[in-house]
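S.K.: Just input.txt, nothing more (compact mmCIF, C-alpha atoms):
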```
# COMPACT_ATOMS: atom_id res chain seq x y z
CA MET T 13 -87.58 20.56 26.22
CA SER T 14 -89.55 18.89 28.96
CA ASP T 15 -86.66 17.14 30.71
CA HIS T 16 -85.38 18.67 33.94
CA PRO T 17 -81.99 20.40 33.34
CA ASP T 18 -80.20 18.19 35.89
CA ARG T 19 -81.52 15.07 34.15
CA ARG T 20 -80.41 16.31 30.73
CA LEU T 21 -76.98 17.11 32.13
CA ARG T 22 -76.71 13.61 33.63
CA TRP T 23 -77.45 11.96 30.27
CA LEU T 24 -74.85 14.14 28.55
CA LEU T 25 -72.25 13.51 31.25
CA SER T 26 -72.92 9.75 31.26
CA SER T 27 -72.34 9.57 27.51
CA SER T 28 -69.27 11.80 27.75
CA THR T 29 -67.84 9.63 30.53
CA LEU T 30 -67.97 6.49 28.38
CA SER T 31 -66.71 8.19 25.22
CA ASN T 32 -63.86 9.69 27.24
CA LEU T 33 -63.16 6.25 28.69
CA GLY T 34 -62.78 5.04 25.11
CA ASP T 35 -60.53 8.01 24.37
CA GLY T 36 -58.45 7.29 27.46
CA ILE T 37 -57.96 3.64 26.59
CA GLY T 38 -56.97 4.63 23.06
CA LYS T 39 -54.63 7.43 24.14
CA VAL T 40 -52.55 4.88 26.07
CA ALA T 41 -53.01 1.86 23.81
CA PHE T 42 -52.16 3.67 20.55
CA PRO T 43 -48.78 5.03 21.79
CA LEU T 44 -47.92 1.65 23.31
CA LEU T 45 -48.80 0.00 20.00
CA ALA T 46 -46.66 2.54 18.16
CA ALA T 47 -43.77 1.97 20.58
CA THR T 48 -43.83 -1.74 19.69
CA LEU T 49 -43.45 -0.78 16.03
CA THR T 50 -40.82 2.01 16.34
CA ARG T 51 -38.72 3.87 18.94
CA ASP T 52 -38.11 6.89 16.68
CA PRO T 53 -39.17 9.99 18.73
CA VAL T 54 -40.31 11.83 15.60
CA LEU T 55 -42.56 8.94 14.52
CA ILE T 56 -43.95 8.65 18.05
CA ALA T 57 -44.62 12.39 18.06
CA GLY T 58 -46.14 12.03 14.61
CA LEU T 59 -48.84 9.78 16.05
CA SER T 60 -49.87 12.47 18.52
CA ALA T 61 -49.76 15.03 15.73
CA THR T 62 -51.96 12.85 13.53
CA GLN T 63 -54.53 12.38 16.30
CA PHE T 64 -54.95 16.14 16.63
CA LEU T 65 -54.42 17.15 12.99
CA PRO T 66 -58.20 16.99 12.28
CA TRP T 67 -58.72 19.85 14.73
CA LEU T 68 -56.52 22.00 12.53
CA LEU T 69 -58.19 20.83 9.32
CA PHE T 70 -61.85 20.42 10.27
CA ALA T 71 -62.64 22.31 13.51
CA LEU T 72 -63.97 25.37 11.65
CA LEU T 73 -66.15 23.23 9.39
CA THR T 74 -67.35 21.20 12.38
CA GLY T 75 -68.24 24.33 14.32
CA ALA T 76 -70.29 25.71 11.45
CA MET T 77 -72.03 22.36 10.98
CA LEU T 78 -73.00 22.24 14.66
CA ASP T 79 -74.80 25.56 14.25
CA ARG T 80 -76.95 23.97 11.52
CA VAL T 81 -77.79 20.45 12.76
CA ASP T 82 -79.09 18.73 15.88
CA ARG T 83 -76.04 18.54 18.14
CA ARG T 84 -77.15 15.37 19.92
CA THR T 85 -77.56 13.53 16.60
CA ALA T 86 -74.09 14.70 15.53
CA MET T 87 -72.62 13.21 18.72
CA ILE T 88 -74.35 9.87 18.12
CA VAL T 89 -73.06 9.57 14.55
CA ALA T 90 -69.53 10.56 15.58
CA ASN T 91 -69.38 8.01 18.40
CA LEU T 92 -70.65 5.21 16.16
CA THR T 93 -68.01 6.12 13.58
CA ARG T 94 -65.26 5.93 16.19
CA ALA T 95 -66.59 2.59 17.40
CA ALA T 96 -66.35 1.16 13.87
CA VAL T 97 -62.83 2.45 13.16
CA VAL T 98 -61.26 1.36 16.44
CA GLY T 99 -63.01 -2.02 16.12
CA GLY T 100 -61.21 -2.42 12.81
CA VAL T 101 -57.91 -1.67 14.54
CA ALA T 102 -58.65 -4.42 17.06
CA LEU T 103 -59.06 -6.91 14.22
CA LEU T 104 -55.83 -5.80 12.50
CA VAL T 105 -53.87 -6.07 15.74
CA HIS T 106 -55.36 -9.48 16.52
CA PHE T 107 -54.33 -10.85 13.12
CA ASP T 108 -50.89 -9.17 13.31
CA SER T 109 -51.61 -7.10 10.20
CA ILE T 110 -51.01 -3.66 11.70
CA SER T 111 -48.26 -1.20 10.67
CA ILE T 112 -47.27 2.24 11.91
CA TRP T 113 -48.91 3.79 8.84
CA LEU T 114 -52.21 2.00 9.48
CA VAL T 115 -52.00 3.25 13.08
CA TYR T 116 -51.60 6.77 11.68
CA LEU T 117 -54.61 6.30 9.40
CA ALA T 118 -56.81 5.04 12.23
CA ALA T 119 -55.70 7.93 14.44
CA LEU T 120 -56.63 10.39 11.68
CA LEU T 121 -60.12 8.90 11.21
CA ILE T 122 -60.81 8.68 14.94
CA GLY T 123 -59.55 12.23 15.44
CA SER T 124 -61.83 13.49 12.68
CA ALA T 125 -64.89 11.99 14.37
CA GLU T 126 -63.65 13.33 17.70
CA THR T 127 -63.86 16.90 16.40
CA VAL T 128 -67.61 16.42 16.04
CA ALA T 129 -68.24 14.49 19.26
CA ASP T 130 -66.22 16.68 21.60
CA SER T 131 -67.34 19.98 20.06
CA ALA T 132 -70.99 18.91 20.20
CA ALA T 133 -70.70 17.96 23.88
CA ASN T 134 -69.16 21.34 24.64
CA VAL T 135 -71.73 23.46 22.81
CA LEU T 136 -74.58 21.42 24.32
CA ILE T 137 -73.70 22.61 27.84
CA PRO T 138 -75.60 25.94 27.66
CA SER T 139 -78.64 24.03 26.31
CA VAL T 140 -78.88 21.60 29.23
CA VAL T 141 -78.10 23.90 32.20
CA GLU T 142 -79.11 27.35 33.36
CA ARG T 143 -76.63 30.22 33.07
CA SER T 144 -75.99 30.11 36.83
CA GLY T 145 -74.86 26.49 36.51
CA LEU T 146 -72.25 26.99 33.78
CA GLU T 147 -69.22 26.86 36.09
CA ARG T 148 -70.51 23.73 37.81
CA ALA T 149 -71.36 22.05 34.48
CA ASN T 150 -67.97 22.87 32.95
CA SER T 151 -66.26 21.54 36.05
CA LYS T 152 -68.25 18.30 35.79
CA LEU T 153 -67.49 17.99 32.07
CA GLN T 154 -63.78 18.39 32.85
CA SER T 155 -64.13 15.81 35.64
CA VAL T 156 -65.71 13.12 33.45
CA GLU T 157 -63.05 13.76 30.82
CA ILE T 158 -60.35 13.22 33.44
CA VAL T 159 -62.02 10.16 34.95
CA GLY T 160 -62.50 8.57 31.55
CA GLN T 161 -59.28 9.52 29.80
CA THR T 162 -56.68 9.18 32.55
CA PHE T 163 -58.08 8.02 35.88
CA LEU T 164 -59.70 4.90 34.37
CA GLY T 165 -58.82 4.79 30.69
CA GLY T 166 -55.05 5.01 31.11
CA PRO T 167 -54.62 2.08 33.51
CA ILE T 168 -57.21 -0.02 31.66
CA GLY T 169 -55.49 0.66 28.34
CA SER T 170 -52.04 -0.31 29.55
CA LEU T 171 -53.04 -3.34 31.62
CA THR T 172 -55.25 -4.81 28.88
CA PHE T 173 -52.53 -4.17 26.29
CA VAL T 174 -50.21 -6.39 28.33
CA VAL T 175 -52.88 -9.15 28.42
CA PHE T 176 -53.16 -9.13 24.63
CA ALA T 177 -52.61 -6.21 22.29
CA ALA T 178 -56.06 -6.16 20.66
CA PHE T 179 -57.92 -6.14 24.01
CA PRO T 180 -57.84 -2.37 24.72
CA PHE T 181 -59.01 -1.53 21.20
CA LEU T 182 -61.97 -3.87 21.58
CA LEU T 183 -62.94 -2.17 24.86
CA ASN T 184 -62.43 1.20 23.21
CA SER T 185 -64.90 0.30 20.47
CA ILE T 186 -67.51 -0.88 22.97
CA GLY T 187 -67.15 2.34 24.98
CA PHE T 188 -67.91 4.52 21.96
CA ALA T 189 -70.91 2.38 20.99
CA VAL T 190 -72.46 2.54 24.46
CA ALA T 191 -71.80 6.30 24.62
CA ALA T 192 -73.84 6.70 21.44
CA ALA T 193 -76.68 4.59 22.87
CA LEU T 194 -76.87 6.67 26.07
CA LEU T 195 -77.53 9.86 24.11
CA VAL T 196 -80.94 8.47 23.13
CA GLY T 197 -82.00 9.36 26.69
CA LEU T 198 -81.24 13.05 26.08
CA ALA T 199 -84.81 14.06 25.17
CA GLY T 200 -85.70 17.01 22.99
CA SER T 201 -84.38 18.84 19.96
CA TYR T 202 -80.93 20.42 20.05
CA ARG T 203 -80.88 22.20 16.71
CA PRO T 204 -79.80 25.80 17.48
CA GLN T 205 -82.25 28.64 16.93
CA ARG T 206 -81.20 31.69 14.99
CA GLN T 207 -81.73 35.24 16.22
CA ASP T 208 -83.34 36.09 12.88
CA PRO T 209 -86.01 33.40 12.35
CA SER T 210 -86.74 34.68 8.84
CA ALA T 211 -83.27 33.80 7.60
CA SER T 212 -83.44 30.73 5.38
CA GLU T 213 -81.16 27.83 6.20
CA THR T 214 -80.50 27.34 2.52
CA VAL T 215 -79.66 30.99 1.89
CA LEU T 216 -77.08 31.26 4.67
CA ARG T 217 -74.14 29.56 3.07
CA LEU T 218 -71.56 27.59 4.99
CA ARG T 219 -68.70 29.93 4.11
CA ASP T 220 -70.71 32.85 5.47
CA GLN T 221 -71.10 30.98 8.76
CA LEU T 222 -67.38 30.29 8.91
CA ALA T 223 -66.64 33.97 8.27
CA ASP T 224 -69.06 34.96 11.05
CA GLY T 225 -67.16 32.85 13.57
CA LEU T 226 -63.76 34.18 12.51
CA ARG T 227 -65.02 37.76 12.49
CA TRP T 228 -66.60 37.45 15.93
CA VAL T 229 -63.42 36.09 17.50
CA ARG T 230 -61.23 38.68 15.81
CA ARG T 231 -63.40 41.54 17.10
CA SER T 232 -63.93 40.22 20.62
CA PRO T 233 -61.05 41.56 22.75
CA VAL T 234 -61.43 38.95 25.50
CA VAL T 235 -62.06 35.82 23.42
CA LEU T 236 -59.22 36.73 21.06
CA ARG T 237 -56.82 37.01 23.99
CA LEU T 238 -58.06 33.75 25.51
CA VAL T 239 -57.54 31.98 22.16
CA ILE T 240 -53.95 33.26 22.03
CA ILE T 241 -53.25 32.09 25.59
CA ALA T 242 -54.85 28.67 25.06
CA SER T 243 -53.00 28.17 21.75
CA LEU T 244 -49.65 28.88 23.38
CA VAL T 245 -50.47 26.48 26.22
CA SER T 246 -51.36 23.72 23.75
CA LEU T 247 -48.18 24.26 21.76
CA VAL T 248 -45.70 24.21 24.63
CA THR T 249 -47.35 21.47 26.73
CA GLU T 250 -47.72 19.06 23.81
CA MET T 251 -44.00 19.34 23.09
CA ALA T 252 -43.48 17.22 26.20
CA GLN T 253 -46.74 15.28 26.37
CA ALA T 254 -46.15 13.74 22.95
CA GLN T 255 -42.93 12.27 24.38
CA LEU T 256 -44.56 10.94 27.57
CA VAL T 257 -44.49 7.28 26.48
CA LEU T 258 -40.76 7.48 25.68
CA TYR T 259 -40.10 9.43 28.88
CA ALA T 260 -41.82 6.73 30.93
CA LEU T 261 -40.42 3.68 29.11
CA ASP T 262 -36.88 4.92 28.44
CA ASP T 263 -35.96 7.69 30.92
CA LEU T 264 -37.87 6.25 33.92
CA ASP T 265 -37.48 2.61 32.81
CA LEU T 266 -41.16 1.77 33.46
CA ASP T 267 -42.78 -1.27 31.87
CA LYS T 268 -45.88 -1.05 29.67
CA ALA T 269 -48.29 -1.93 32.46
CA ALA T 270 -46.85 0.75 34.77
CA PHE T 271 -47.22 3.41 32.08
CA GLY T 272 -50.99 3.42 32.55
CA LEU T 273 -50.64 3.71 36.33
CA PHE T 274 -48.38 6.72 35.70
CA ALA T 275 -51.28 8.31 33.83
CA PHE T 276 -53.62 7.29 36.67
CA VAL T 277 -51.84 9.69 39.01
CA GLY T 278 -52.26 12.39 36.39
CA GLY T 279 -55.98 11.68 36.40
CA ALA T 280 -56.12 12.07 40.17
CA GLY T 281 -54.45 15.46 39.85
CA GLY T 282 -56.88 16.46 37.13
CA LEU T 283 -59.84 15.58 39.33
CA LEU T 284 -58.33 17.71 42.07
CA GLY T 285 -58.00 20.62 39.67
CA ALA T 286 -61.59 20.29 38.47
CA GLY T 287 -62.87 20.03 42.04
CA VAL T 288 -61.07 23.02 43.49
CA ALA T 289 -61.24 25.35 40.48
CA PRO T 290 -64.75 26.74 41.21
CA ARG T 291 -63.81 27.36 44.86
CA LEU T 292 -60.56 29.05 43.92
CA VAL T 293 -62.42 31.21 41.43
CA ARG T 294 -64.85 32.38 44.11
CA HIS T 295 -61.93 33.19 46.42
CA SER T 296 -59.35 34.69 44.06
CA GLY T 297 -60.95 35.36 40.68
CA ARG T 298 -60.56 33.71 37.28
CA ARG T 299 -57.47 35.60 36.13
CA ALA T 300 -55.58 34.57 39.27
CA VAL T 301 -56.63 30.92 38.87
CA LEU T 302 -55.61 31.00 35.21
CA ALA T 303 -52.12 32.32 36.00
CA ALA T 304 -51.68 30.01 39.01
CA GLY T 305 -52.72 26.95 36.98
CA LEU T 306 -50.24 27.76 34.23
CA THR T 307 -47.48 28.37 36.77
CA LEU T 308 -48.18 25.06 38.52
CA SER T 309 -48.18 23.10 35.26
CA GLY T 310 -44.92 24.72 34.16
CA LEU T 311 -43.14 23.99 37.42
CA ALA T 312 -44.40 20.39 37.31
CA PHE T 313 -42.98 19.72 33.83
CA LEU T 314 -39.72 21.42 34.78
CA GLY T 315 -39.48 19.10 37.79
CA MET T 316 -40.30 16.03 35.69
CA GLY T 317 -37.46 16.85 33.34
CA LEU T 318 -35.03 17.03 36.26
CA SER T 319 -36.31 13.88 38.02
CA ASP T 320 -35.33 10.27 37.46
CA GLN T 321 -37.64 8.86 40.15
CA PRO T 322 -40.92 7.37 38.83
CA VAL T 323 -42.95 8.20 41.97
CA VAL T 324 -41.78 11.81 42.03
CA SER T 325 -42.42 12.20 38.31
CA ALA T 326 -45.89 10.70 38.59
CA VAL T 327 -46.82 13.10 41.40
CA LEU T 328 -45.50 16.02 39.36
CA PHE T 329 -47.55 14.86 36.39
CA GLY T 330 -50.60 14.91 38.66
CA LEU T 331 -49.82 18.52 39.63
CA PHE T 332 -49.46 19.39 35.94
CA ALA T 333 -52.88 17.91 35.24
CA ALA T 334 -54.43 19.80 38.17
CA GLY T 335 -53.09 23.10 36.85
CA VAL T 336 -54.17 22.53 33.26
CA VAL T 337 -57.68 21.38 34.20
CA ALA T 338 -58.21 24.44 36.41
CA VAL T 339 -57.18 26.58 33.44
CA ASN T 340 -59.63 24.73 31.17
CA VAL T 341 -62.51 25.27 33.61
CA VAL T 342 -61.85 29.02 33.57
CA LEU T 343 -61.51 29.18 29.78
CA GLY T 344 -64.67 27.15 29.15
CA THR T 345 -66.78 29.17 31.59
CA VAL T 346 -65.74 32.56 30.20
CA ARG T 347 -66.30 31.37 26.63
CA HIS T 348 -69.80 30.08 27.40
CA ALA T 349 -70.72 33.31 29.20
CA ILE T 350 -69.54 35.66 26.45
CA VAL T 351 -70.31 33.91 23.16
CA PRO T 352 -73.96 34.04 21.97
CA SER T 353 -75.60 30.59 21.77
CA GLU T 354 -76.33 30.83 18.04
CA LEU T 355 -72.61 31.51 17.37
CA LEU T 356 -71.15 29.09 19.89
CA GLY T 357 -70.49 26.26 17.44
CA ARG T 358 -68.69 28.52 14.98
CA VAL T 359 -66.66 30.30 17.64
CA LEU T 360 -65.73 26.95 19.20
CA GLY T 361 -64.67 25.81 15.72
CA VAL T 362 -62.33 28.79 15.42
CA TRP T 363 -61.11 28.21 18.98
CA ARG T 364 -60.28 24.56 18.43
CA THR T 365 -58.77 25.13 15.00
CA LEU T 366 -56.20 27.40 16.62
CA VAL T 367 -55.90 25.85 20.08
CA TRP T 368 -56.10 22.16 19.22
CA GLY T 369 -54.47 22.82 15.87
CA ALA T 370 -51.38 23.92 17.81
CA ILE T 371 -51.13 20.42 19.33
CA PRO T 372 -49.78 18.59 16.23
CA VAL T 373 -47.29 21.42 15.72
CA GLY T 374 -46.14 21.13 19.33
CA ALA T 375 -45.98 17.33 19.10
CA LEU T 376 -43.73 17.34 16.03
CA LEU T 377 -41.59 20.09 17.52
CA GLY T 378 -41.21 18.00 20.68
CA GLY T 379 -40.14 14.97 18.66
CA VAL T 380 -37.46 16.98 16.87
CA LEU T 381 -36.28 18.52 20.14
CA THR T 382 -36.00 15.11 21.80
CA ARG T 383 -33.90 13.85 18.90
CA VAL T 384 -31.68 16.96 19.01
CA LEU T 385 -31.42 17.27 22.80
CA GLY T 386 -30.95 13.53 23.30
CA SER T 387 -33.73 12.68 25.75
CA PRO T 388 -37.43 13.32 26.48
CA SER T 389 -36.42 14.73 29.89
CA ALA T 390 -34.70 17.67 28.23
CA THR T 391 -37.87 18.39 26.27
CA PHE T 392 -39.88 18.40 29.52
CA VAL T 393 -37.51 21.00 31.01
CA LEU T 394 -37.87 23.29 28.01
CA SER T 395 -41.67 22.87 27.99
CA GLY T 396 -41.85 23.79 31.68
CA VAL T 397 -39.86 26.99 31.19
CA LEU T 398 -42.04 28.03 28.26
CA GLN T 399 -45.23 27.42 30.28
CA LEU T 400 -43.97 29.81 32.96
CA LEU T 401 -43.46 32.45 30.28
CA VAL T 402 -47.02 31.87 29.01
CA ALA T 403 -48.34 32.39 32.57
CA GLY T 404 -46.74 35.82 32.65
CA ALA T 405 -48.07 36.64 29.19
CA ALA T 406 -51.60 35.67 30.27
CA LEU T 407 -51.57 38.17 33.13
CA LEU T 408 -50.42 40.92 30.77
CA LEU T 409 -53.01 40.13 28.09
CA LEU T 410 -55.96 40.07 30.53
CA ARG T 411 -54.97 42.87 32.89
CA ARG T 412 -57.62 45.27 31.49
CA HIS T 413 -60.48 42.76 31.24
CA HIS T 414 -61.52 42.18 34.83
CA ALA T 415 -65.24 42.60 34.05
CA ALA T 416 -65.43 39.92 31.36
CA VAL T 417 -63.13 37.34 32.95
CA ASP T 418 -63.83 37.70 36.67
CA LEU T 419 -67.38 39.06 36.65
CA LEU T 420 -68.58 37.27 33.47
CA ASP T 421 -69.87 40.55 32.06
CA PRO T 422 -70.60 39.72 28.40
CA THR T 423 -70.60 43.40 27.40
CA ASP T 424 -66.84 43.55 28.00
CA GLY T 425 -66.27 40.57 25.76
CA LYS T 426 -68.52 41.47 22.85
CA PRO T 427 -66.93 42.33 19.52
CA ASP T 428 -65.56 45.83 19.20
CA THR T 429 -67.05 47.20 16.00
CA LYS T 430 -64.27 49.79 15.76
CA TRP T 431 -61.64 47.15 15.09
```
Once you've parsed the file, please lay out its structure as structure tokens.

M.R.:
Amino acid sequence: MSDHPDRRLRWLLSSSTLSNLGDGIGKVAFPLLAATLTRDPVLIAGLSATQFLPWLLFALLTGAMLDRVDRRTAMIVANLTRAAVVGGVALLVHFDSISIWLVYLAALLIGSAETVADSAANVLIPSVVERSGLERANSKLQSVEIVGQTFLGGPIGSLTFVVFAAFPFLLNSIGFAVAAALLVGLAGSYRPQRQDPSASETVLRLRDQLADGLRWVRRSPVVLRLVIIASLVSLVTEMAQAQLVLYALDDLDLDKAAFGLFAFVGGAGGLLGAGVAPRLVRHSGRRAVLAAGLTLSGLAFLGMGLSDQPVVSAVLFGLFAAGVVAVNVVLGTVRHAIVPSELLGRVLGVWRTLVWGAIPVGALLGGVLTRVLGSPSATFVLSGVLQLLVAGAALLLLRRHHAAVDLLDPTDGKPDTKW
């Protein structure tokens, strides 16, 4: 590839910024749309579960596919697909022909395309930067996700929804289309190379690739532990996050326009987490940052559950976002350093099947808990306590893996053939 690495990274980040802007608009507009159709906490949680269900169903298949095809092309197709689906939602909303079940269907289709787009962006990182730039690139990728999804997308989604309900979905569609167009500037071929060049693409069957990814994760002591930690985080945080719209509208008595500004503060916290994570890692090490981030996010949700003041709750949500983003920077950097490039798509597929697959489970569990406990605030309290327990578990699971996590020594994270 003749492009300078910094230029390639800029094209990838520019596209990711716009696609995440579309995601952010949709992640606020879809729950607001659902809240106009129903106030049932289980049905609201079901929307979040539906959005992430494709990660449970298709992440493995997507990961294997991304180790066979040009990853840039896969991103372009996925973004165009999302643009078409969400454009259809805009038309249905405009003509007042939408129902909660059509919202579910759209969320499922968009989420399926998202498994390709987001996974491809992630596995492209080692192809567009040098190894020494992985931490910086992962931090930037987290930053553009935060800027797009919460810092800009949340307020835009809520404010435009108040103007007229179809408006945010129209903007969402345009964002995905432009994101696809920007990837044309990412010059070169991004089809992964195999270690054994004599192996025929047609001989290596898809199920063998899937088994390779599962086997590698199972035998890698560090990656397996990181998957367990990340899955638990997804499960317990989504219990509360899936109830955020009801928490804001009912418990805090915010209006629909203010809901997006509530998310805006979360975006600011996320940017803070992405910005300081590399510095904290240099000062204290990755395991310490991982545990501190989980502790901060747990305390923030616990405080939100006990607060009835919108400003206090918004600030706490920002602290939650800062903690979670710092954790994601650490997890992404260690994964990129340990996993071989030719296996990265498959391993990421396994990772997101388990980690993101835990999100719909957590969302539905949160909906049931809110119905049983009587309020979203109670669910936030429980989620915060569970996050603190996960922080302690993370320290225990990683206590013997200083070399792989803090020093990025891939030999400590490679599969143990004695397993």

S.K.: One number please: CA of Thr29 in chain T to CA of Leu283 in chain T, in Å, one decimal.

M.R.: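 Answer for the CA of Thr29 in chain T to CA of Leu283 in chain T separation: 13.3 Å.
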
S.K.: Against range 155-175 of chain T, which residues of range 291-373 of chain T fall within 12 Å? For each one I want the closest pair of atoms and the distance in Å (one decimal), counting all atoms listed in the file, rows by chain and increasing residue number, as a tab-separated table.

M.R.:
```
residue	atom	partner	partner_atom	distance
T:Phe329	CA	T:Thr162	CA	11.4
T:Gly330	CA	T:Thr162	CA	10.4
T:Ala333	CA	T:Ile158	CA	9.0
T:Ala334	CA	T:Ile158	CA	10.0
T:Val336	CA	T:Ile158	CA	11.2
T:Val337	CA	T:Ile158	CA	8.6
T:Ala338	CA	T:Ser155	CA	10.5
T:Asn340	CA	T:Ser155	CA	10.9
T:Val341	CA	T:Ser155	CA	9.8
```

S.K.: Expressed in Å to a single decimal, how great is the separation between CA of Leu194 in chain T and CA of Leu30 in chain T?

M.R.: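 Value for the CA of Leu194 in chain T-CA of Leu30 in chain T distance: 9.2 Å.
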
S.K.: List as a short mmCIF file (atom, residue, chain, number, x, y, z; two decimals) with C-alpha atoms, in the coordinates of the input the residues having at least one atom at most 7 Å from position (-60.4, -8.9, 18.7) as given in the file, counting all atoms listed in the file.

M.R.:
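Output (out-v9.cif):
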```cif
data_model
loop_
_atom_site.label_atom_id
_atom_site.label_comp_id
_atom_site.auth_asym_id
_atom_site.auth_seq_id
_atom_site.Cartn_x
_atom_site.Cartn_y
_atom_site.Cartn_z
CA ALA T 102 -58.65 -4.42 17.06
CA LEU T 103 -59.06 -6.91 14.22
CA HIS T 106 -55.36 -9.48 16.52
CA ALA T 178 -56.06 -6.16 20.66
CA PHE T 179 -57.92 -6.14 24.01
CA LEU T 182 -61.97 -3.87 21.58
#
```

S.K.: With distances taken over all atoms listed in the file, which residue among T:Leu92, T:Ala370, T:Val417, T:Ala375 lies nearest Leu59 in chain T?

M.R.: T:Ala375
